[in-house]
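Presented below is the structure to which this report refers.
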Amino acid sequence: MARPKLAVWKFASCDGCQLSILDCEDELLAIADRIDIAYFPEASSRMAPGPYDLSLVEGSITTADDVARIKDIRDQSRTLVAIGACATAGGIQALRNTADVAEWTRLVYPRPEYIETLATSTAIADHVRVDLELHGCPVSKAQLVELVTAVLAGRRPQIPSAVQCVECKRHGTPCVMVSHGTPCLGPVTRAGCGNLCPSVGRGCYGCFGPVEGANTDALAAQFRRLGLPEAAQRALYGGVTCAAPAFAAARGRHD
Amino acid sequence: MTERTIKLDLLARVEGEGALYVKLRGQKIETLEFRIFEPPRFFEALLRGRPATDAPDITSRICGICPVAYVMSASQAVEQALGIAIPPEIRALRRLIYCGEWIQSHVLHAAMLHAPDFLGLPDAMEIARAEPDLVRTALRLKKLGNTLMEVIGGRAVHPVNTRVGGFYRAPDADRIAALVPELEWGAGAARDMALAFSRFEFPDDAADYTFVSLVNPDEYPILEGRIGSNRGLDIGIDAFSGSVRESQVAHSNALLAHLADGTPYMVGPLARYANNHDRLPEACRRTAREAGLGPVERNPFKSILVRMIEVQFACLEALRLARSYVVPSPACVEAPPRAGEGFGCTEAPRGICHHSYVIDHDGTLVSASIVPPTSQNQPQIEADLARVVLSSLDLDDDALRQRCEQAIRNYDPCISCATHFLKLTVVRA
């Protein structure tokens with residue numbers, strides 16, 4: 001039987017999620033035996049034509065060309081998975097969505113007229129049908145391996161959808177907000193990183209984006225009790241998943 | 001007169017998106033454009049008005065391959081503005097995590113992205129079929145670099161434990177001590193890999209480069225030093241913007257940096273090595289000699305060897321730091337907000353990464369300026385390409401295109417960083 005064909009695509013991003021594939025040092029060669037890495041320009045100069053069985057898409061849509069390119073990729077892909085905070089929520093660069101992009105272009109570039117960009121940075125699902133999303137900034141290596149294994153086995157991958165607080169309980173990590181008054185997005189953020197920030201005594205800053213049903217109002221009340229200034233709350237929601245709807249709305253309330 | 005066009009629409013095995021267009025008429029280059037079409041993300045604009053203490057976590061998102069470089073340059077700049085002095089124990093731990101980034105980034109590039117050029121193979125997965133032990137060793141070394149970053153930083157891509165002033169929580173002594181055996185193995189493995197790569201066939205090429213790097217009288221530079229060159233440049237990091245000029249061309253989304261007199265320059269391993277050779281441990285200098293390198297190496301295709309020597313160095317340096325580790329207490333130096341200006345400059349695996357920030361009295365960022373290594377190398381990459389094309393005109397189009405790609409990969413260009421980068425088109429007119 002022919003090996004399934006994998007393609008890895010890049011849009012506006014830092015390459016960290018693609019790198020996470022190459023960071024699966026223990027699994028990479030075994031995966032490469034069972035799957036045909038047909039298109040992965042960051043890792044290989046062999047760029048085989050589609051169609052592809054599995055497309056992993058990193059990055060957000062920020063140019064008119066990319067709007068057309070993602071549609072073409074969708075047409076060539078049996079299963080399309082958006083990977084990482086840029087592909088699932090627009091990334092940190094989605095801060096432009098509430099700013100004046102023309103002014104930003106003038107700020108960064110001496111010849112702004114050379115720059116072609118959209119006013120917004122948007123998730124892949126805003127443009128095409130996405131079969132699955134892996135969240136995180138960066139994505140979890142364990143989730144990547146589970147995804148590829150599941151696709152190879154023809155089953156649905158087991159990706160947790162619990163809230164970050166559950167991870168702290170599971171790891172026995174004391175709550176940073178209750179015990180130290182440290183502002184934390186854990187109560188409204190999807191689990192998946194493995195409880196990284198609270199385990200070093202820092203508040204979660206939302207890399208995996210809002211959990212389903214995120215109650216940002218209840219968290220706002222808690223932040224008020226901590227005396228957290230409005231600007232600090234706005235900055236906290238204005239991170240790598242700032243344009244995910246629940247976080248964008250919460251940030252808007254602190255304007 | 002024959003006209004030739006060499007086009008490379010999407011450069012593979014680099015981080016980010018770039019292309020090359022070369023138009024030749026007979027023996028002359030009419031046009032040579034190294035294009036960065038990675039879309040802009042406007043980091044310098046989106047930082048304005050945010051708490052300055054956010055800068056390390058946000059700027060790390062410029063690059064998933066060298067996040068520690070951004071975290072450290074940003075932290076230094078904010079610390080200078082706030083008047084924070086970093087104690088030696090925190091400084092040592094920063095140097096240790098930075099060694100991890102050098103190891104993982106250099107091994108990824110040298111063994112998995114650049115070595116395929118010398119072996120005539122498309123990728124590391126194909127090398128694994130021909131020489132499985134080589135790829136297994138490379139993956140183990142890369143994992144060692146990532147482990148250092150995970151133990152100290154919490155995760156390999158975008159660490160969470162680093163901050164302005166130091167760390168959120170200092171790693172326990174036993175976790176650092178546990179790194180020692182693998183680092184001892186790594187130093188030997190990196191040396192063996194440098195010697196194995198030294199048997200590759202290298203294109204005959206050399207240029208009289210201006211090498212720019214941090215220079216530090218006490219150590220091989222990673223985190224601090226003055227900015228120096230082999231042509232007498234010797235400035236503090238606060239004088240960088242006066243010595244380097246950024247400009248923009250229509251064919252690239254990266255700003256290009258030249259020295260104030262308009263000349264291109266090179267940053268990265270060849271520059272660090274040339275400017276700081278006598279600060280390398282003797283073990284690394286011996287590897288360099290046995291690999292056929294002098295104290296200055298001007299053949300850019302041999303940068304792959306210097307990268308592996310720097311991996312050996314990073315393993316030895318990490319070993320030294322791990323053995324002498326003292327848990328910093330406190331793990332972080334805090335300071336109240338104040339208005340000020342600060343500069344940060346550290347040696348990313350690809351070369352110096354310079355940040356400057358102006359901070360308001362309430363601790364928010366008024367302005368930010370970031371000059372990543374690939375922006376600085378871009379003019380020199382174009383100069384190298386012109387030289388390589390003219391000396392390789394006897395090659396057919398495919399071989400010429402391949403040679404050009406290899407010449408670009410000499411720089412381990414990080415295109416994601418530079419945007420603020422490549423498609424190869426060669427037209428032979």
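How things are named: the first chain in the structure tokens is A, the next is B, and so on; residues count from 1 in each chain; ligands count from 1 in the order shown.
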
Could the residues of chain B that have an atom at most 6 Å from chain A be listed as a tab-separated table, each with its closest atom pair and the distance in Å to one decimal, counting only C-alpha atoms and ordered by chain and ascending residue number?
residue	atom	partner	partner_atom	distance
B:Ala12	CA	A:Pro41	CA	4.6
B:Arg13	CA	A:Glu42	CA	4.4
B:Val14	CA	A:Glu42	CA	5.4
B:Glu15	CA	A:Glu42	CA	5.9
B:Pro39	CA	A:Ala12	CA	5.9
B:Arg41	CA	A:Gln93	CA	5.3
B:Ala45	CA	A:Trp104	CA	5.5
B:Arg61	CA	A:Cys14	CA	5.9
B:Ile62	CA	A:Cys14	CA	5.4
B:Cys63	CA	A:Cys14	CA	4.5
B:Gly64	CA	A:Gly16	CA	3.7
B:Pro122	CA	A:Ser45	CA	5.0
B:Asp123	CA	A:Ser44	CA	4.6
B:Leu139	CA	A:Glu25	CA	5.5
B:Tyr168	CA	A:Val200	CA	5.9
B:Arg169	CA	A:Val200	CA	5.3
B:Ala250	CA	A:Tyr114	CA	5.3
B:Ser416	CA	A:Cys14	CA	5.6

Take the residues that were just selected and, keeping N, CA and C atoms, output them as a short mmCIF file (atom, residue, chain, number, x, y, z; two decimals), in the first residue's frame.
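Here's the written file part37.cif:
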data_model
loop_
_atom_site.label_atom_id
_atom_site.label_comp_id
_atom_site.auth_asym_id
_atom_site.auth_seq_id
_atom_site.Cartn_x
_atom_site.Cartn_y
_atom_site.Cartn_z
N ALA B 12 14.15 26.02 -0.49
CA ALA B 12 13.88 24.99 0.52
C ALA B 12 14.98 24.99 1.58
N ARG B 13 14.70 24.27 2.65
CA ARG B 13 15.63 24.06 3.75
C ARG B 13 16.18 25.36 4.34
N VAL B 14 15.32 26.34 4.47
CA VAL B 14 15.62 27.52 5.27
C VAL B 14 14.37 27.82 6.08
N GLU B 15 14.52 28.67 7.08
CA GLU B 15 13.37 29.03 7.87
C GLU B 15 12.72 30.25 7.25
N PRO B 39 5.66 37.38 4.60
CA PRO B 39 4.87 38.60 4.83
C PRO B 39 5.26 39.31 6.13
N ARG B 41 5.11 41.18 9.71
CA ARG B 41 4.27 40.99 10.89
C ARG B 41 4.30 42.21 11.83
N ALA B 45 5.97 47.77 15.48
CA ALA B 45 4.78 48.58 15.71
C ALA B 45 3.92 47.99 16.82
N ARG B 61 8.53 35.47 19.41
CA ARG B 61 7.66 34.98 18.32
C ARG B 61 8.14 35.45 16.95
N ILE B 62 9.18 36.27 16.90
CA ILE B 62 9.75 36.60 15.59
C ILE B 62 10.34 35.32 14.99
N CYS B 63 10.92 34.46 15.84
CA CYS B 63 11.60 33.28 15.30
C CYS B 63 11.49 32.07 16.21
N GLY B 64 10.90 30.99 15.69
CA GLY B 64 10.79 29.74 16.45
C GLY B 64 12.09 28.96 16.50
N PRO B 122 18.01 15.30 -1.24
CA PRO B 122 17.01 16.35 -0.99
C PRO B 122 16.83 16.70 0.49
N ASP B 123 17.09 15.77 1.39
CA ASP B 123 16.80 16.06 2.79
C ASP B 123 17.45 15.05 3.73
N LEU B 139 20.30 13.85 15.41
CA LEU B 139 19.06 14.00 16.15
C LEU B 139 19.31 13.97 17.65
N TYR B 168 11.85 33.05 36.09
CA TYR B 168 10.75 32.92 37.03
C TYR B 168 11.15 31.99 38.17
N ARG B 169 11.74 30.83 37.82
CA ARG B 169 12.19 29.90 38.87
C ARG B 169 13.50 29.28 38.42
N ALA B 250 12.49 47.28 -3.36
CA ALA B 250 11.16 46.82 -3.74
C ALA B 250 11.07 45.30 -3.72
N SER B 416 12.09 34.19 8.41
CA SER B 416 11.01 34.68 9.28
C SER B 416 11.50 35.86 10.10
#

Could you tell me, as a PyMOL selection string, which residues of range 127-342 of chain B DSSP assigns to strand (DSSP E or B) when given the backbone? chain B and resi 162-163+166-167+211-215+226-229+234-235+244-247+256-259+266+332+340-342

Write to file, as an mmCIF file, in the first residue's frame, the residues of the selection just made, with N, CA, C and O atoms.
data_model
loop_
_atom_site.group_PDB
_atom_site.id
_atom_site.type_symbol
_atom_site.label_atom_id
_atom_site.label_comp_id
_atom_site.auth_asym_id
_atom_site.auth_seq_id
_atom_site.Cartn_x
_atom_site.Cartn_y
_atom_site.Cartn_z
ATOM 1 N N THR B 162 11.928 32.430 31.170
ATOM 2 C CA THR B 162 12.861 33.550 31.064
ATOM 3 C C THR B 162 12.080 34.854 31.198
ATOM 4 O O THR B 162 10.922 34.940 30.800
ATOM 5 N N ARG B 163 12.704 35.880 31.745
ATOM 6 C CA ARG B 163 12.016 37.163 31.896
ATOM 7 C C ARG B 163 13.018 38.292 32.052
ATOM 8 O O ARG B 163 14.203 38.054 32.296
ATOM 9 N N GLY B 166 15.821 38.080 34.766
ATOM 10 C CA GLY B 166 16.357 36.733 35.040
ATOM 11 C C GLY B 166 15.395 35.628 34.676
ATOM 12 O O GLY B 166 15.005 35.475 33.516
ATOM 13 N N PHE B 167 14.960 34.878 35.686
ATOM 14 C CA PHE B 167 14.117 33.705 35.474
ATOM 15 C C PHE B 167 12.960 33.718 36.458
ATOM 16 O O PHE B 167 13.053 34.320 37.527
ATOM 17 N N PHE B 211 33.869 41.038 8.629
ATOM 18 C CA PHE B 211 33.226 40.176 9.629
ATOM 19 C C PHE B 211 32.804 41.010 10.825
ATOM 20 O O PHE B 211 33.660 41.621 11.476
ATOM 21 N N VAL B 212 31.533 41.027 11.157
ATOM 22 C CA VAL B 212 31.057 41.794 12.310
ATOM 23 C C VAL B 212 30.455 40.844 13.351
ATOM 24 O O VAL B 212 29.623 39.986 13.027
ATOM 25 N N SER B 213 30.910 41.007 14.562
ATOM 26 C CA SER B 213 30.383 40.159 15.644
ATOM 27 C C SER B 213 30.573 40.874 16.969
ATOM 28 O O SER B 213 31.222 41.918 17.036
ATOM 29 N N LEU B 214 30.012 40.284 18.013
ATOM 30 C CA LEU B 214 30.403 40.716 19.344
ATOM 31 C C LEU B 214 31.852 40.291 19.549
ATOM 32 O O LEU B 214 32.294 39.266 19.021
ATOM 33 N N VAL B 215 32.573 41.109 20.276
ATOM 34 C CA VAL B 215 33.949 40.778 20.626
ATOM 35 C C VAL B 215 34.072 40.981 22.127
ATOM 36 O O VAL B 215 33.617 41.998 22.655
ATOM 37 N N ARG B 226 31.576 44.101 23.010
ATOM 38 C CA ARG B 226 31.473 45.237 22.101
ATOM 39 C C ARG B 226 31.237 44.702 20.701
ATOM 40 O O ARG B 226 31.456 43.526 20.435
ATOM 41 N N ILE B 227 30.748 45.576 19.797
ATOM 42 C CA ILE B 227 30.557 45.141 18.416
ATOM 43 C C ILE B 227 31.833 45.486 17.659
ATOM 44 O O ILE B 227 32.252 46.653 17.649
ATOM 45 N N GLY B 228 32.491 44.459 17.086
ATOM 46 C CA GLY B 228 33.779 44.683 16.441
ATOM 47 C C GLY B 228 33.836 44.013 15.083
ATOM 48 O O GLY B 228 32.990 43.196 14.722
ATOM 49 N N SER B 229 34.833 44.415 14.298
ATOM 50 C CA SER B 229 35.054 43.787 12.998
ATOM 51 C C SER B 229 36.542 43.589 12.772
ATOM 52 O O SER B 229 37.373 44.117 13.522
ATOM 53 N N ASP B 234 34.883 49.111 16.276
ATOM 54 C CA ASP B 234 34.945 48.763 17.691
ATOM 55 C C ASP B 234 34.025 49.738 18.412
ATOM 56 O O ASP B 234 34.415 50.858 18.738
ATOM 57 N N ILE B 235 32.780 49.334 18.629
ATOM 58 C CA ILE B 235 31.787 50.246 19.205
ATOM 59 C C ILE B 235 31.015 49.539 20.306
ATOM 60 O O ILE B 235 30.928 48.309 20.344
ATOM 61 N N VAL B 244 25.391 51.493 11.401
ATOM 62 C CA VAL B 244 24.740 50.621 10.443
ATOM 63 C C VAL B 244 23.548 51.360 9.868
ATOM 64 O O VAL B 244 22.847 52.082 10.577
ATOM 65 N N ARG B 245 23.346 51.225 8.560
ATOM 66 C CA ARG B 245 22.272 51.926 7.886
ATOM 67 C C ARG B 245 21.271 50.909 7.366
ATOM 68 O O ARG B 245 21.662 49.980 6.670
ATOM 69 N N GLU B 246 19.987 51.069 7.716
ATOM 70 C CA GLU B 246 18.977 50.157 7.182
ATOM 71 C C GLU B 246 18.300 50.804 5.994
ATOM 72 O O GLU B 246 18.004 51.995 6.012
ATOM 73 N N SER B 247 18.062 50.030 4.945
ATOM 74 C CA SER B 247 17.352 50.572 3.794
ATOM 75 C C SER B 247 16.407 49.504 3.263
ATOM 76 O O SER B 247 16.381 48.376 3.747
ATOM 77 N N LEU B 256 17.384 45.987 4.675
ATOM 78 C CA LEU B 256 18.764 45.565 4.450
ATOM 79 C C LEU B 256 19.697 46.448 5.264
ATOM 80 O O LEU B 256 19.508 47.660 5.294
ATOM 81 N N ALA B 257 20.711 45.846 5.859
ATOM 82 C CA ALA B 257 21.656 46.645 6.630
ATOM 83 C C ALA B 257 23.024 46.660 5.952
ATOM 84 O O ALA B 257 23.530 45.633 5.507
ATOM 85 N N HIS B 258 23.578 47.856 5.853
ATOM 86 C CA HIS B 258 24.951 48.047 5.395
ATOM 87 C C HIS B 258 25.685 48.810 6.485
ATOM 88 O O HIS B 258 25.060 49.476 7.313
ATOM 89 N N LEU B 259 27.012 48.780 6.437
ATOM 90 C CA LEU B 259 27.780 49.658 7.305
ATOM 91 C C LEU B 259 27.571 51.099 6.821
ATOM 92 O O LEU B 259 27.137 51.347 5.698
ATOM 93 N N MET B 266 29.247 40.646 6.977
ATOM 94 C CA MET B 266 28.763 39.318 7.342
ATOM 95 C C MET B 266 28.704 39.172 8.854
ATOM 96 O O MET B 266 29.650 39.540 9.549
ATOM 97 N N CYS B 332 15.502 36.327 40.041
ATOM 98 C CA CYS B 332 15.177 37.479 39.201
ATOM 99 C C CYS B 332 15.451 38.775 39.948
ATOM 100 O O CYS B 332 15.210 38.849 41.146
ATOM 101 N N GLY B 340 13.397 55.660 30.096
ATOM 102 C CA GLY B 340 14.791 55.450 29.706
ATOM 103 C C GLY B 340 14.904 54.795 28.346
ATOM 104 O O GLY B 340 13.914 54.424 27.714
ATOM 105 N N GLU B 341 16.149 54.680 27.906
ATOM 106 C CA GLU B 341 16.444 54.024 26.637
ATOM 107 C C GLU B 341 17.405 52.883 26.934
ATOM 108 O O GLU B 341 18.278 53.014 27.806
ATOM 109 N N GLY B 342 17.249 51.748 26.215
ATOM 110 C CA GLY B 342 18.134 50.621 26.473
ATOM 111 C C GLY B 342 18.455 49.859 25.202
ATOM 112 O O GLY B 342 17.685 49.888 24.225
#

Excluding range 172-176 of chain A and residues on its chain fewer than 2 positions from it, collect all residues at most 8 Å away from it, counting only C-alpha atoms, and give them as a list in words.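 Answer for this query is Cys168, Lys169, Arg170, Val178, Ser179, His180, Gly181, Thr182, Pro183, Cys184, Pro198, Ser199, Gly201, Arg202 and Gly203 of chain A.
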
From range 116-224 of chain B, collect each residue whose DSSP state is alpha helix (DSSP H) and return the set as an MDAnalysis selection string. chainID B and resid 116:119 124:130 132:153 173:177 180:197

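When CA of His354 in chain B is paired with CA of Glu334 in chain B, their separation reads 22.9 Å.
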
Correct to one decimal, the distance CA of Gln380 in chain B-CA of Cys284 in chain B is 27.0 Å

Counting only C-alpha atoms, the option among B:Trp102, B:Phe301, B:Tyr209, B:Phe37 closest to Glu405 in chain B: B:Phe301

Arg3 in chain A: which residues within 9 Å, counting only C-alpha atoms, same-chain residues fewer than 4 positions away excluded, as number ranges by chain? A: 33-36, 152

Just all heavy atoms for this one: save the residues we selected as a short mmCIF file (atom, residue, chain, number, x, y, z; two decimals), in the first residue's frame.
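Just written: again09.cif:
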data_model
loop_
_atom_site.label_atom_id
_atom_site.label_comp_id
_atom_site.auth_asym_id
_atom_site.auth_seq_id
_atom_site.Cartn_x
_atom_site.Cartn_y
_atom_site.Cartn_z
N ASP A 33 9.41 6.80 7.84
CA ASP A 33 9.30 5.48 7.20
C ASP A 33 7.87 5.17 6.79
O ASP A 33 7.63 4.48 5.80
CB ASP A 33 9.75 4.38 8.19
CG ASP A 33 11.25 4.16 8.10
OD1 ASP A 33 11.85 4.64 7.11
OD2 ASP A 33 11.82 3.54 9.02
N ARG A 34 6.92 5.66 7.58
CA ARG A 34 5.53 5.26 7.35
C ARG A 34 4.73 6.27 6.56
O ARG A 34 3.62 6.00 6.12
CB ARG A 34 4.85 5.01 8.71
CG ARG A 34 5.48 3.83 9.47
CD ARG A 34 4.72 3.51 10.73
NE ARG A 34 3.29 3.31 10.46
CZ ARG A 34 2.35 3.39 11.40
NH1 ARG A 34 2.69 3.65 12.64
NH2 ARG A 34 1.09 3.19 11.09
N ILE A 35 5.30 7.47 6.41
CA ILE A 35 4.55 8.52 5.73
C ILE A 35 5.47 9.12 4.66
O ILE A 35 6.67 9.22 4.85
CB ILE A 35 4.08 9.57 6.77
CG1 ILE A 35 2.83 10.29 6.33
CG2 ILE A 35 5.15 10.53 7.18
CD1 ILE A 35 2.08 10.93 7.48
N ASP A 36 4.90 9.49 3.53
CA ASP A 36 5.68 10.10 2.45
C ASP A 36 5.68 11.61 2.66
O ASP A 36 4.65 12.25 2.48
CB ASP A 36 5.06 9.73 1.10
CG ASP A 36 5.73 10.45 -0.06
OD1 ASP A 36 6.84 11.01 0.15
OD2 ASP A 36 5.16 10.44 -1.16
N LEU A 152 -2.55 7.97 10.39
CA LEU A 152 -2.02 6.73 9.82
C LEU A 152 -2.92 5.54 10.14
O LEU A 152 -3.09 4.63 9.34
CB LEU A 152 -0.60 6.45 10.35
CG LEU A 152 0.51 7.30 9.72
CD1 LEU A 152 1.80 7.18 10.53
CD2 LEU A 152 0.76 6.87 8.28
#

Write out as a ChimeraX atom specification each polymer residue whose atoms come within 7 Å of Arg350 in chain B, counting only C-alpha atoms; drop sequence neighbours fewer than 3 positions from it. /B:267-269,373,412

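Those residues that approach His361 in chain B to within 8 Å, counting only C-alpha atoms, are B:Pro337, B:Arg338, B:Ala339, B:Gly340; same-chain residues fewer than 5 positions away are not listed.
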
Next, the residues of the selection above should be written as a PDB file, in the first residue's frame with N, CA and C atoms.
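Dumped to result-v9.pdb:
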ATOM      1  N   PRO B 337       9.258  50.688  37.308  1.00  0.00           N
ATOM      2  CA  PRO B 337       9.341  51.330  35.996  1.00  0.00           C
ATOM      3  C   PRO B 337       9.985  52.706  36.097  1.00  0.00           C
ATOM      4  N   ARG B 338      10.645  53.090  35.023  1.00  0.00           N
ATOM      5  CA  ARG B 338      11.167  54.453  34.892  1.00  0.00           C
ATOM      6  C   ARG B 338      11.386  54.731  33.408  1.00  0.00           C
ATOM      7  N   ALA B 339      11.446  55.994  33.059  1.00  0.00           N
ATOM      8  CA  ALA B 339      11.675  56.328  31.659  1.00  0.00           C
ATOM      9  C   ALA B 339      13.136  56.089  31.318  1.00  0.00           C
ATOM     10  N   GLY B 340      13.397  55.660  30.096  1.00  0.00           N
ATOM     11  CA  GLY B 340      14.791  55.450  29.706  1.00  0.00           C
ATOM     12  C   GLY B 340      14.904  54.795  28.346  1.00  0.00           C
TER      13      GLY B 340
END

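Residues lying within 12 Å of Gly213 in chain A, counting only C-alpha atoms and ignoring same-chain neighbours fewer than 3 positions away, are A:Ser161, A:Ala162, A:Val163, A:Pro187, A:Val188, A:Thr189, A:Arg190, A:Gly209, A:Pro210, A:Thr216, A:Asp217, A:Ala218, A:Pro245, A:Ala246, A:Phe247.
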
May I have the selected residues written with C-alpha atoms, as a PDB file, in the first residue's frame?
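Saved the output as again.pdb:
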ATOM      1  CA  SER A 161     -10.021  20.013  25.403  1.00  0.00           C
ATOM      2  CA  ALA A 162     -10.006  20.629  29.172  1.00  0.00           C
ATOM      3  CA  VAL A 163      -9.241  23.943  30.812  1.00  0.00           C
ATOM      4  CA  PRO A 187      -9.227  29.570  34.085  1.00  0.00           C
ATOM      5  CA  VAL A 188     -10.179  30.573  30.503  1.00  0.00           C
ATOM      6  CA  THR A 189      -7.385  28.850  28.529  1.00  0.00           C
ATOM      7  CA  ARG A 190      -7.371  25.454  26.795  1.00  0.00           C
ATOM      8  CA  GLY A 209      -6.231  30.050  23.248  1.00  0.00           C
ATOM      9  CA  PRO A 210      -9.637  30.188  24.920  1.00  0.00           C
ATOM     10  CA  THR A 216     -13.921  35.828  30.953  1.00  0.00           C
ATOM     11  CA  ASP A 217     -16.470  37.807  33.000  1.00  0.00           C
ATOM     12  CA  ALA A 218     -15.827  35.695  36.085  1.00  0.00           C
ATOM     13  CA  PRO A 245     -13.102  35.522  19.632  1.00  0.00           C
ATOM     14  CA  ALA A 246     -13.411  35.093  23.423  1.00  0.00           C
ATOM     15  CA  PHE A 247     -10.062  36.818  24.050  1.00  0.00           C
TER      16      PHE A 247
END

If you count only C-alpha atoms, the residue of A:Lys5, A:Val130, A:Leu228, A:Pro160 closest to Glu212 in chain A turns out to be A:Pro160

Just the number, please: distance in Å from CA of Ala318 in chain B to CA of Val160 in chain B, one decimal.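 One can read the CA of Ala318 in chain B to CA of Val160 in chain B distance as 20.2 Å.
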